[in-house]
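As stored in work.cif (mmCIF, C-alpha atoms and all ligand atoms):
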```
data_coords
loop_
_atom_site.label_atom_id
_atom_site.label_comp_id
_atom_site.auth_asym_id
_atom_site.auth_seq_id
_atom_site.Cartn_x
_atom_site.Cartn_y
_atom_site.Cartn_z
CA MET A 12 84.48 99.00 94.31
CA PRO A 13 83.87 97.11 91.04
CA VAL A 14 87.01 95.87 89.31
CA ARG A 15 87.58 97.72 86.05
CA GLU A 16 89.01 95.40 83.41
CA ASN A 17 91.75 97.81 82.33
CA SER A 18 92.83 98.24 85.94
CA LEU A 19 94.19 94.69 85.95
CA ASP A 20 96.96 95.70 83.49
CA ARG A 21 99.18 97.18 86.15
CA TYR A 22 99.22 93.88 88.02
CA THR A 23 100.22 91.60 85.14
CA ARG A 24 103.60 90.67 86.61
CA GLN A 25 102.19 89.52 89.91
CA MET A 26 99.18 87.80 88.28
CA ARG A 27 101.69 85.81 86.23
CA TYR A 28 102.92 84.32 89.50
CA ALA A 29 100.82 81.14 89.38
CA PRO A 30 99.85 80.76 93.06
CA LEU A 31 98.33 84.26 92.93
CA GLY A 32 96.98 84.38 89.38
CA GLU A 33 94.13 86.53 88.12
CA ASP A 34 91.65 85.09 90.61
CA GLY A 35 93.94 86.02 93.48
CA GLN A 36 94.35 89.52 92.06
CA ARG A 37 90.59 90.00 91.87
CA GLN A 38 90.36 88.91 95.51
CA LEU A 39 93.02 91.47 96.47
CA LEU A 40 91.12 94.24 94.72
CA LYS A 41 88.02 93.37 96.73
CA SER A 42 89.93 93.26 100.03
CA ARG A 43 90.11 95.74 102.87
CA ALA A 44 93.10 96.12 105.17
CA LEU A 45 93.73 98.11 108.33
CA ILE A 46 97.30 99.36 108.67
CA CYS A 47 97.69 100.25 112.31
CA GLY A 48 100.57 102.72 112.61
CA CYS A 49 102.24 104.30 109.59
CA GLY A 50 105.82 104.80 110.68
CA ALA A 51 108.60 102.46 109.61
CA LEU A 52 106.76 99.14 109.24
CA GLY A 53 103.51 100.84 108.24
CA SER A 54 105.22 102.78 105.42
CA VAL A 55 106.53 99.60 103.83
CA LEU A 56 103.24 97.76 104.39
CA ALA A 57 101.16 100.54 102.85
CA ASN A 58 103.53 101.06 99.94
CA THR A 59 103.65 97.34 99.12
CA LEU A 60 99.92 96.69 99.48
CA ALA A 61 98.89 99.81 97.54
CA ARG A 62 101.14 98.73 94.66
CA ALA A 63 99.86 95.16 94.90
CA GLY A 64 96.28 96.40 94.49
CA VAL A 65 94.63 95.74 97.83
CA GLY A 66 91.38 97.57 97.08
CA PHE A 67 90.96 99.48 100.33
CA LEU A 68 93.60 100.61 102.81
CA ARG A 69 92.68 102.25 106.10
CA ILE A 70 95.77 103.99 107.48
CA VAL A 71 95.81 105.01 111.14
CA ASP A 72 98.62 106.93 112.82
CA ARG A 73 98.80 109.24 115.82
CA ASP A 74 102.00 111.07 115.03
CA PHE A 75 103.60 113.74 112.86
CA LEU A 76 106.95 113.49 111.09
CA GLU A 77 110.39 114.33 112.37
CA LYS A 78 113.57 114.49 110.32
CA ASN A 79 115.05 111.41 112.00
CA ASN A 80 112.10 109.35 110.69
CA LEU A 81 113.34 109.65 107.10
CA GLN A 82 116.14 107.13 107.68
CA ARG A 83 113.56 104.30 107.69
CA GLN A 84 110.03 105.59 106.96
CA VAL A 85 110.10 105.16 103.21
CA LEU A 86 106.82 106.81 102.23
CA PHE A 87 107.95 110.26 103.38
CA ASP A 88 110.31 113.01 102.26
CA GLU A 89 111.82 116.25 103.57
CA GLU A 90 108.84 118.28 102.39
CA ASP A 91 106.50 116.17 104.53
CA VAL A 92 108.71 116.93 107.53
CA SER A 93 108.84 120.69 106.92
CA SER A 94 105.12 121.00 106.17
CA GLY A 95 104.31 119.47 109.57
CA VAL A 96 101.48 117.23 108.36
CA PRO A 97 100.55 114.12 110.32
CA LYS A 98 101.98 110.85 109.01
CA ALA A 99 98.59 109.41 108.09
CA VAL A 100 97.85 112.43 105.90
CA ALA A 101 101.27 112.47 104.22
CA ALA A 102 101.05 108.70 103.66
CA ALA A 103 97.59 108.91 102.08
CA ARG A 104 98.75 111.67 99.70
CA ARG A 105 101.69 109.59 98.56
CA LEU A 106 99.67 106.38 98.25
CA ARG A 107 97.05 108.07 96.05
CA LYS A 108 99.86 109.07 93.67
CA ILE A 109 101.18 105.50 93.69
CA ASN A 110 97.80 103.89 92.98
CA SER A 111 94.82 106.09 92.22
CA GLU A 112 92.61 103.08 91.47
CA ILE A 113 92.31 101.86 95.05
CA GLU A 114 90.63 103.53 98.01
CA ILE A 115 92.73 105.05 100.80
CA GLU A 116 91.23 106.25 104.06
CA GLU A 117 93.41 108.09 106.59
CA HIS A 118 92.82 108.59 110.30
CA VAL A 119 94.94 110.84 112.52
CA THR A 120 94.25 109.24 115.85
CA ASP A 121 95.60 106.97 118.55
CA VAL A 122 94.18 103.45 118.31
CA ASP A 123 92.63 102.54 121.64
CA HIS A 124 89.73 100.55 123.05
CA THR A 125 87.29 103.39 122.35
CA ASN A 126 87.84 103.44 118.58
CA ILE A 127 89.29 100.06 117.56
CA GLU A 128 85.94 98.45 116.80
CA SER A 129 85.05 101.15 114.29
CA LEU A 130 88.57 101.08 112.80
CA ILE A 131 88.52 97.32 112.16
CA ASN A 132 84.96 97.42 110.86
CA GLY A 133 84.77 95.89 107.38
CA CYS A 134 88.47 94.95 107.30
CA ASN A 135 89.64 91.48 106.24
CA ILE A 136 93.05 91.82 107.87
CA LEU A 137 94.77 93.87 110.58
CA LEU A 138 98.42 94.76 110.07
CA ASP A 139 100.74 95.74 112.87
CA GLY A 140 102.75 98.84 112.06
CA THR A 141 102.90 99.96 115.69
CA ASP A 142 105.88 100.36 117.97
CA ASN A 143 104.30 99.28 121.23
CA PHE A 144 102.92 96.18 122.92
CA GLU A 145 99.84 97.88 124.29
CA THR A 146 98.41 98.40 120.82
CA ARG A 147 99.50 94.91 119.73
CA TYR A 148 97.58 93.27 122.60
CA LEU A 149 94.60 95.44 121.73
CA LEU A 150 94.85 94.26 118.11
CA ASN A 151 95.14 90.66 119.31
CA ASP A 152 92.03 91.01 121.48
CA ALA A 153 90.07 92.51 118.58
CA SER A 154 91.36 89.91 116.13
CA VAL A 155 90.43 86.93 118.31
CA LYS A 156 87.06 88.34 119.41
CA PHE A 157 85.91 89.25 115.90
CA GLY A 158 87.75 86.50 113.99
CA ILE A 159 89.88 88.78 111.79
CA PRO A 160 93.44 87.66 110.94
CA TRP A 161 96.31 89.90 112.02
CA VAL A 162 100.02 89.95 111.29
CA TYR A 163 102.46 90.96 114.00
CA GLY A 164 105.74 92.67 113.21
CA GLY A 165 108.31 94.23 115.49
CA CYS A 166 111.89 95.45 115.04
CA LEU A 167 114.70 96.66 117.23
CA GLY A 168 118.34 97.22 116.36
CA ALA A 169 119.03 94.80 113.51
CA GLU A 170 116.55 92.19 114.76
CA GLY A 171 112.92 91.70 113.83
CA LYS A 172 110.10 89.26 114.50
CA SER A 173 106.94 88.37 112.64
CA MET A 174 103.99 86.07 113.28
CA THR A 175 100.69 85.52 111.52
CA ILE A 176 97.55 84.95 113.58
CA LEU A 177 94.49 83.27 112.09
CA PRO A 178 91.97 83.26 114.97
CA GLY A 179 90.73 79.78 115.82
CA GLU A 180 93.34 78.20 113.56
CA THR A 181 96.80 79.29 114.76
CA PRO A 182 98.04 80.34 118.20
CA CYS A 183 97.37 83.99 119.02
CA MET A 184 99.83 86.45 120.53
CA ARG A 185 98.62 85.60 124.05
CA CYS A 186 99.11 81.87 123.40
CA VAL A 187 102.77 82.68 122.74
CA PHE A 188 103.41 85.63 125.08
CA GLU A 189 100.61 85.64 127.62
CA ASP A 190 101.15 89.18 128.78
CA ALA A 191 102.69 92.37 127.47
CA PRO A 192 106.04 93.27 129.01
CA PRO A 193 105.60 96.05 131.60
CA PRO A 194 106.28 99.50 130.11
CA GLY A 195 109.91 100.55 130.46
CA THR A 196 111.24 96.99 130.83
CA THR A 197 112.10 96.37 127.19
CA ALA A 198 114.67 98.09 125.01
CA THR A 199 113.29 100.67 122.60
CA CYS A 200 114.51 102.07 119.32
CA ASP A 201 115.65 105.00 121.47
CA SER A 202 118.03 102.86 123.52
CA ALA A 203 118.93 100.15 121.01
CA GLY A 204 118.59 102.07 117.75
CA ILE A 205 117.11 100.67 114.58
CA LEU A 206 118.51 99.80 111.17
CA SER A 207 116.32 100.36 108.16
CA PRO A 208 116.94 97.03 106.37
CA ILE A 209 115.33 94.94 109.13
CA ILE A 210 112.19 97.09 108.82
CA ASN A 211 112.00 96.29 105.12
CA VAL A 212 112.49 92.56 105.78
CA ILE A 213 109.82 92.28 108.47
CA ALA A 214 107.25 94.55 106.81
CA SER A 215 107.76 92.72 103.51
CA ILE A 216 107.07 89.41 105.24
CA GLN A 217 103.95 90.92 106.82
CA ALA A 218 102.80 92.28 103.45
CA ASN A 219 103.42 88.93 101.82
CA GLU A 220 101.38 87.17 104.49
CA ALA A 221 98.61 89.71 103.89
CA ILE A 222 98.69 89.02 100.14
CA LYS A 223 98.38 85.26 100.82
CA ILE A 224 95.45 85.68 103.21
CA LEU A 225 93.59 88.27 101.14
CA SER A 226 94.01 86.36 97.89
CA GLY A 227 92.56 83.21 99.44
CA ASN A 228 95.83 81.34 99.93
CA ARG A 229 95.63 80.64 103.64
CA ASP A 230 97.37 77.30 103.26
CA ALA A 231 100.54 79.17 102.31
CA ILE A 232 100.80 81.32 105.44
CA SER A 233 103.70 80.99 107.84
CA ARG A 234 102.83 79.04 110.98
CA VAL A 235 106.02 79.83 112.87
CA LEU A 236 107.35 82.79 114.79
CA SER A 237 110.14 84.10 112.56
CA VAL A 238 113.12 85.95 114.00
CA PHE A 239 115.72 87.61 111.79
CA GLU A 240 118.97 89.16 113.03
CA LEU A 241 120.61 90.86 110.08
CA TRP A 242 123.87 91.99 111.67
CA ASP A 243 124.96 88.58 112.97
CA ASN A 244 123.21 86.79 110.09
CA ARG A 245 120.88 84.65 112.16
CA ILE A 246 117.46 83.35 111.16
CA LEU A 247 115.32 81.49 113.68
CA GLN A 248 111.95 79.88 113.10
CA VAL A 249 110.12 78.92 116.27
CA LYS A 250 107.53 76.18 115.79
CA LEU A 251 104.21 76.96 117.43
CA ASP A 252 102.47 73.61 116.84
CA SER A 253 102.65 72.64 120.51
CA LEU A 254 100.67 75.78 121.35
CA LYS A 255 97.84 75.00 118.98
CA ASP A 256 95.65 73.52 121.68
CA HIS A 257 96.87 75.89 124.34
CA THR A 258 93.71 75.63 126.41
CA ASP A 259 94.83 78.19 129.00
CA CYS A 260 94.92 81.08 126.55
CA PRO A 261 92.87 83.88 128.11
CA ALA A 262 91.95 85.19 124.65
CA CYS A 263 91.41 82.09 122.47
CA HIS A 264 89.84 79.84 125.08
CA GLN A 265 88.57 81.95 127.97
CA ARG A 266 87.38 84.73 125.63
CA VAL A 267 88.62 87.42 128.04
CA PHE A 268 89.70 90.64 126.31
CA PRO A 269 91.04 93.12 128.85
CA TRP A 270 92.68 95.46 126.32
CA LEU A 271 89.52 95.63 124.26
CA ASP A 272 87.40 96.15 127.37
CA GLY A 273 89.63 99.04 128.43
CA GLU A 274 90.79 97.35 131.64
CA ARG A 275 94.35 97.30 130.34
CA GLY A 276 96.19 99.98 128.45
CA SER A 277 96.27 103.70 128.95
CA HIS A 278 95.90 106.79 126.84
CA THR A 279 99.16 108.24 128.03
CA ALA A 280 102.37 106.90 126.58
CA ILE A 281 106.03 107.73 126.42
CA LEU A 282 106.73 107.68 122.69
CA CYS A 283 109.45 105.34 121.52
CA GLY A 284 112.67 107.16 120.70
CA ARG A 285 111.12 110.60 120.78
CA ASN A 286 111.82 112.17 124.20
CA SER A 287 108.09 112.83 124.09
CA VAL A 288 104.93 111.95 125.95
CA GLN A 289 101.52 111.53 124.34
CA LEU A 290 98.59 112.76 126.39
CA SER A 291 95.15 111.68 125.37
CA TYR A 292 91.82 112.84 126.69
CA PRO A 293 89.11 110.59 125.25
CA ASP A 294 86.30 112.82 126.54
CA ARG A 295 87.67 115.89 124.85
CA GLN A 296 86.43 116.42 121.31
CA ASN A 297 87.37 118.78 118.53
CA VAL A 298 89.62 121.49 119.92
CA CYS A 299 89.33 124.72 117.94
CA LEU A 300 92.91 125.17 116.81
CA GLU A 301 92.37 128.77 115.61
CA SER A 302 91.16 130.07 118.96
CA LEU A 303 93.86 128.09 120.74
CA ALA A 304 96.46 129.71 118.47
CA LYS A 305 95.19 133.18 119.39
CA LYS A 306 95.27 132.34 123.07
CA LEU A 307 98.83 131.06 122.88
CA ALA A 308 100.25 133.79 120.62
CA THR A 309 101.90 135.61 123.53
CA VAL A 310 103.07 132.45 125.30
CA GLY A 311 105.58 131.17 122.77
CA THR A 312 106.07 130.47 119.09
CA VAL A 313 102.90 129.05 117.57
CA THR A 314 102.59 127.34 114.18
CA GLN A 315 99.44 125.76 112.91
CA ASN A 316 97.99 123.82 110.00
CA ARG A 317 94.64 122.17 109.34
CA PHE A 318 95.54 119.14 111.43
CA LEU A 319 97.58 120.36 114.37
CA LEU A 320 99.02 123.27 116.32
CA ARG A 321 102.54 123.54 117.69
CA LEU A 322 103.68 125.62 120.60
CA GLN A 323 107.41 126.02 121.21
CA VAL A 324 107.94 127.29 124.71
CA ASN A 325 111.37 127.13 126.37
CA GLU A 326 112.78 123.66 125.58
CA PHE A 327 109.36 122.10 125.07
CA LEU A 328 107.44 121.58 121.84
CA ILE A 329 103.76 120.92 122.51
CA THR A 330 101.75 119.60 119.56
CA VAL A 331 97.97 119.61 119.90
CA PHE A 332 95.76 117.70 117.46
CA SER A 333 92.20 118.73 116.71
CA ASP A 334 90.88 115.67 118.59
CA GLY A 335 92.42 117.05 121.81
CA ARG A 336 95.37 114.72 121.87
CA ALA A 337 98.78 116.25 122.52
CA ILE A 338 102.39 115.22 122.15
CA VAL A 339 104.68 117.00 124.58
CA GLY A 340 108.25 116.98 123.29
CA GLY A 341 111.29 117.66 125.48
CA THR A 342 110.39 115.33 128.32
CA GLU A 343 109.76 111.66 129.07
CA ASP A 344 108.23 112.49 132.43
CA ILE A 345 104.48 111.93 132.24
CA SER A 346 103.64 114.19 135.18
CA GLU A 347 105.80 116.99 133.78
CA ALA A 348 104.04 116.60 130.42
CA ARG A 349 100.63 116.77 132.12
CA THR A 350 101.69 119.88 134.03
CA LEU A 351 102.85 121.60 130.84
CA TYR A 352 99.60 120.70 129.08
CA THR A 353 97.46 122.07 131.91
CA LYS A 354 99.55 125.22 132.13
CA TYR A 355 99.49 126.14 128.45
CA ILE A 356 96.58 124.33 126.81
CA GLY A 357 94.19 124.15 129.73
CA ASN A 358 92.20 121.55 131.59
ZN ZN A 401 95.44 82.50 122.16
#
```
Show me, as structure tokens, the structure contained in the file I just sent.
Amino acid sequence: MPVRENSLDRYTRQMRYAPLGEDGQRQLLKSRALICGCGALGSVLANTLARAGVGFLRIVDRDFLEKNNLQRQVLFDEEDVSSGVPKAVAAARRLRKINSEIEIEEHVTDVDHTNIESLINGCNILLDGTDNFETRYLLNDASVKFGIPWVYGGCLGAEGKSMTILPGETPCMRCVFEDAPPPGTTATCDSAGILSPIINVIASIQANEAIKILSGNRDAISRVLSVFELWDNRILQVKLDSLKDHTDCPACHQRVFPWLDGERGSHTAILCGRNSVQLSYPDRQNVCLESLAKKLATVGTVTQNRFLLRLQVNEFLITVFSDGRAIVGGTEDISEARTLYTKYIGN
């Protein structure tokens, strides 16, 4: 998109910051960012980068809103919850009101090895707004393989971590943590809770790193793993210099990308803090929500919009997206969720 001269006016305060300047602003306006996940971190990332004038934001999220998201997911309001729209759609609507001069592209989908290459296509940076290690290792694989910087962020309780990865220049996630922790072995925001301020701290650091990279100020990026604990007032910066020539790294040095190749990772996931299971069927395309609604009318309470259908039956809330994905609420048991899906939605 060509930069219109008058469109620079809104950025005067940040252009006045010398290390960014007008040249940096013009770079931002020409830049393209993928925001992977638009919940807590993703909301702050998208809000900050839209206001800063990153010219193109691709927002990807698999989920819809629940009332308990509003405590920390700052792009959304009560109307978004009651209207039942997916987060990516609600986020894009809000972002277009915030900055109508940039391009926003929303995707309601789960990021996995089948779609990540098309989602990162054309992007200059990948930003982690996810809540799970599987997607982060997939992002890391894609980043290293295709040489696109990414910025990790993760929060739990009052603690958060952030790290910037410039492929070929700084250690990658697998240089630091070679493997993802097995599912179920780490605390989640369900068990440990989450305070909103740490989200804002970590996502702001991520957004700031993005602004540095996209404006051509790579020298200014953080080359440490930063850890903030806001309740006990601790800040830790872990030096990564010794890992720079980490010749064992399966990603950086051996060029092995199991998450990207689909050998690691699954389509089925217990959703963090939701008492819900996501079921994904990559072969299934474009479910007709209208005919499904008719079929289910006698089974339970059905509500539907353009993006999804919801079936409340007994204590379970089954949400089906038009791409065939489903989120089964009321259980964290994957086999129970699969059984419910087969019973009500079909094979
Ligand atoms: Zn590495």
Please provide as a ChimeraX atom specification all residues within 6 Å of segment 338-347 of chain A, with the sequence filter that same-chain residues fewer than 4 positions apart are discarded (counting only C-alpha atoms).
/A:286-289,327-330
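Shortest atom-to-atom contact with Ser54 of chain A among A:Gly140, A:Pro178, A:Gly276, A:Pro193: A:Gly140, counting all atoms listed in the file.
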For this session: With all atoms listed in the file counted, collect every polymer residue having an atom within 7 Å of ligand ZN 401 (chain A); state the result as a VMD selection string.
Result: chain A and resid 182 to 186 260 to 264
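Counting only C-alpha atoms, the residue from A:Lys41, A:Arg285, A:Arg275, A:Arg245 that sits nearest to Cys134 of chain A is A:Lys41.
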From atom CA of Asn135 of chain A to atom CA of Gly227 of chain A the spacing works out at 11.1 Å
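Every protein or nucleic acid residue with an atom no more than 8 Å from segment 166-173 of chain A, counting only C-alpha atoms and leaving out same-chain residues fewer than 6 positions away, appears here: Ala198, Thr199, Cys200, Ala203, Gly204, Ile205, Leu206, Pro208, Ile209, Ile210, Ile213, Ile216, Gln217, Leu236, Ser237, Val238, Phe239, Glu240, Leu241 and Trp242 of chain A.
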May I have the residues within 12 Å of Thr175 of chain A as an mmCIF file with C-alpha atoms, in the frame of the given file, using all atoms listed in the file and disregarding those fewer than 5 positions away in the same chain?
```cif
data_model
loop_
_atom_site.group_PDB
_atom_site.id
_atom_site.type_symbol
_atom_site.label_atom_id
_atom_site.label_comp_id
_atom_site.auth_asym_id
_atom_site.auth_seq_id
_atom_site.Cartn_x
_atom_site.Cartn_y
_atom_site.Cartn_z
ATOM 1 C CA ILE A 136 93.050 91.820 107.870
ATOM 2 C CA LEU A 137 94.770 93.870 110.580
ATOM 3 C CA LEU A 138 98.420 94.760 110.070
ATOM 4 C CA ASP A 139 100.740 95.740 112.870
ATOM 5 C CA ASN A 151 95.140 90.660 119.310
ATOM 6 C CA SER A 154 91.360 89.910 116.130
ATOM 7 C CA ILE A 159 89.880 88.780 111.790
ATOM 8 C CA PRO A 160 93.440 87.660 110.940
ATOM 9 C CA TRP A 161 96.310 89.900 112.020
ATOM 10 C CA VAL A 162 100.020 89.950 111.290
ATOM 11 C CA TYR A 163 102.460 90.960 114.000
ATOM 12 C CA GLY A 164 105.740 92.670 113.210
ATOM 13 C CA GLU A 180 93.340 78.200 113.560
ATOM 14 C CA THR A 181 96.800 79.290 114.760
ATOM 15 C CA PRO A 182 98.040 80.340 118.200
ATOM 16 C CA CYS A 183 97.370 83.990 119.020
ATOM 17 C CA MET A 184 99.830 86.450 120.530
ATOM 18 C CA VAL A 187 102.770 82.680 122.740
ATOM 19 C CA ILE A 213 109.820 92.280 108.470
ATOM 20 C CA ILE A 216 107.070 89.410 105.240
ATOM 21 C CA GLN A 217 103.950 90.920 106.820
ATOM 22 C CA ALA A 218 102.800 92.280 103.450
ATOM 23 C CA ASN A 219 103.420 88.930 101.820
ATOM 24 C CA GLU A 220 101.380 87.170 104.490
ATOM 25 C CA ALA A 221 98.610 89.710 103.890
ATOM 26 C CA LYS A 223 98.380 85.260 100.820
ATOM 27 C CA ILE A 224 95.450 85.680 103.210
ATOM 28 C CA ARG A 229 95.630 80.640 103.640
ATOM 29 C CA ALA A 231 100.540 79.170 102.310
ATOM 30 C CA ILE A 232 100.800 81.320 105.440
ATOM 31 C CA SER A 233 103.700 80.990 107.840
ATOM 32 C CA ARG A 234 102.830 79.040 110.980
ATOM 33 C CA VAL A 235 106.020 79.830 112.870
ATOM 34 C CA LEU A 236 107.350 82.790 114.790
ATOM 35 C CA SER A 237 110.140 84.100 112.560
ATOM 36 C CA LEU A 251 104.210 76.960 117.430
#
```
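Closest approach to Asn132 of chain A among A:Leu45, A:Val100, A:Leu86, A:Leu76: A:Leu45, based on all atoms listed in the file.
Across the model, the gap from atom CA of Glu112 of chain A to atom CA of Asp34 of chain A is 18.0 Å.
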Box time for segment 212-229 of chain A: axis-aligned, enclosing all its listed atoms, 8 Å extra on each side; report centre and edge lengths in Å to one decimal, as lines of an AutoDock Vina configuration file.
```
center_x = 102.5
center_y = 87.6
center_z = 103.2
size_x = 35.9
size_y = 29.9
size_z = 26.6
```
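Closest approach to Gln25 of chain A from the set A:Arg62, A:Arg104, A:Lys78, A:His124 is made by A:Arg62, with distances taken over only C-alpha atoms.
Shortest atom-to-atom contact with Ala337 of chain A among A:Arg27, A:Leu351, A:Ala57, A:Phe188: A:Leu351, counting all atoms listed in the file.
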(request) Quick one: residues within 12 Å of (85.9, 101.1, 116.0) (file frame), counting all atoms listed in the file, please, as an MDAnalysis selection string. (result) chainID A and resid 45 71 118 120:134 149:150 153 157 271
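Between atom CA of Ala103 of chain A and atom CA of Ile356 of chain A there is a distance of 29.2 Å.
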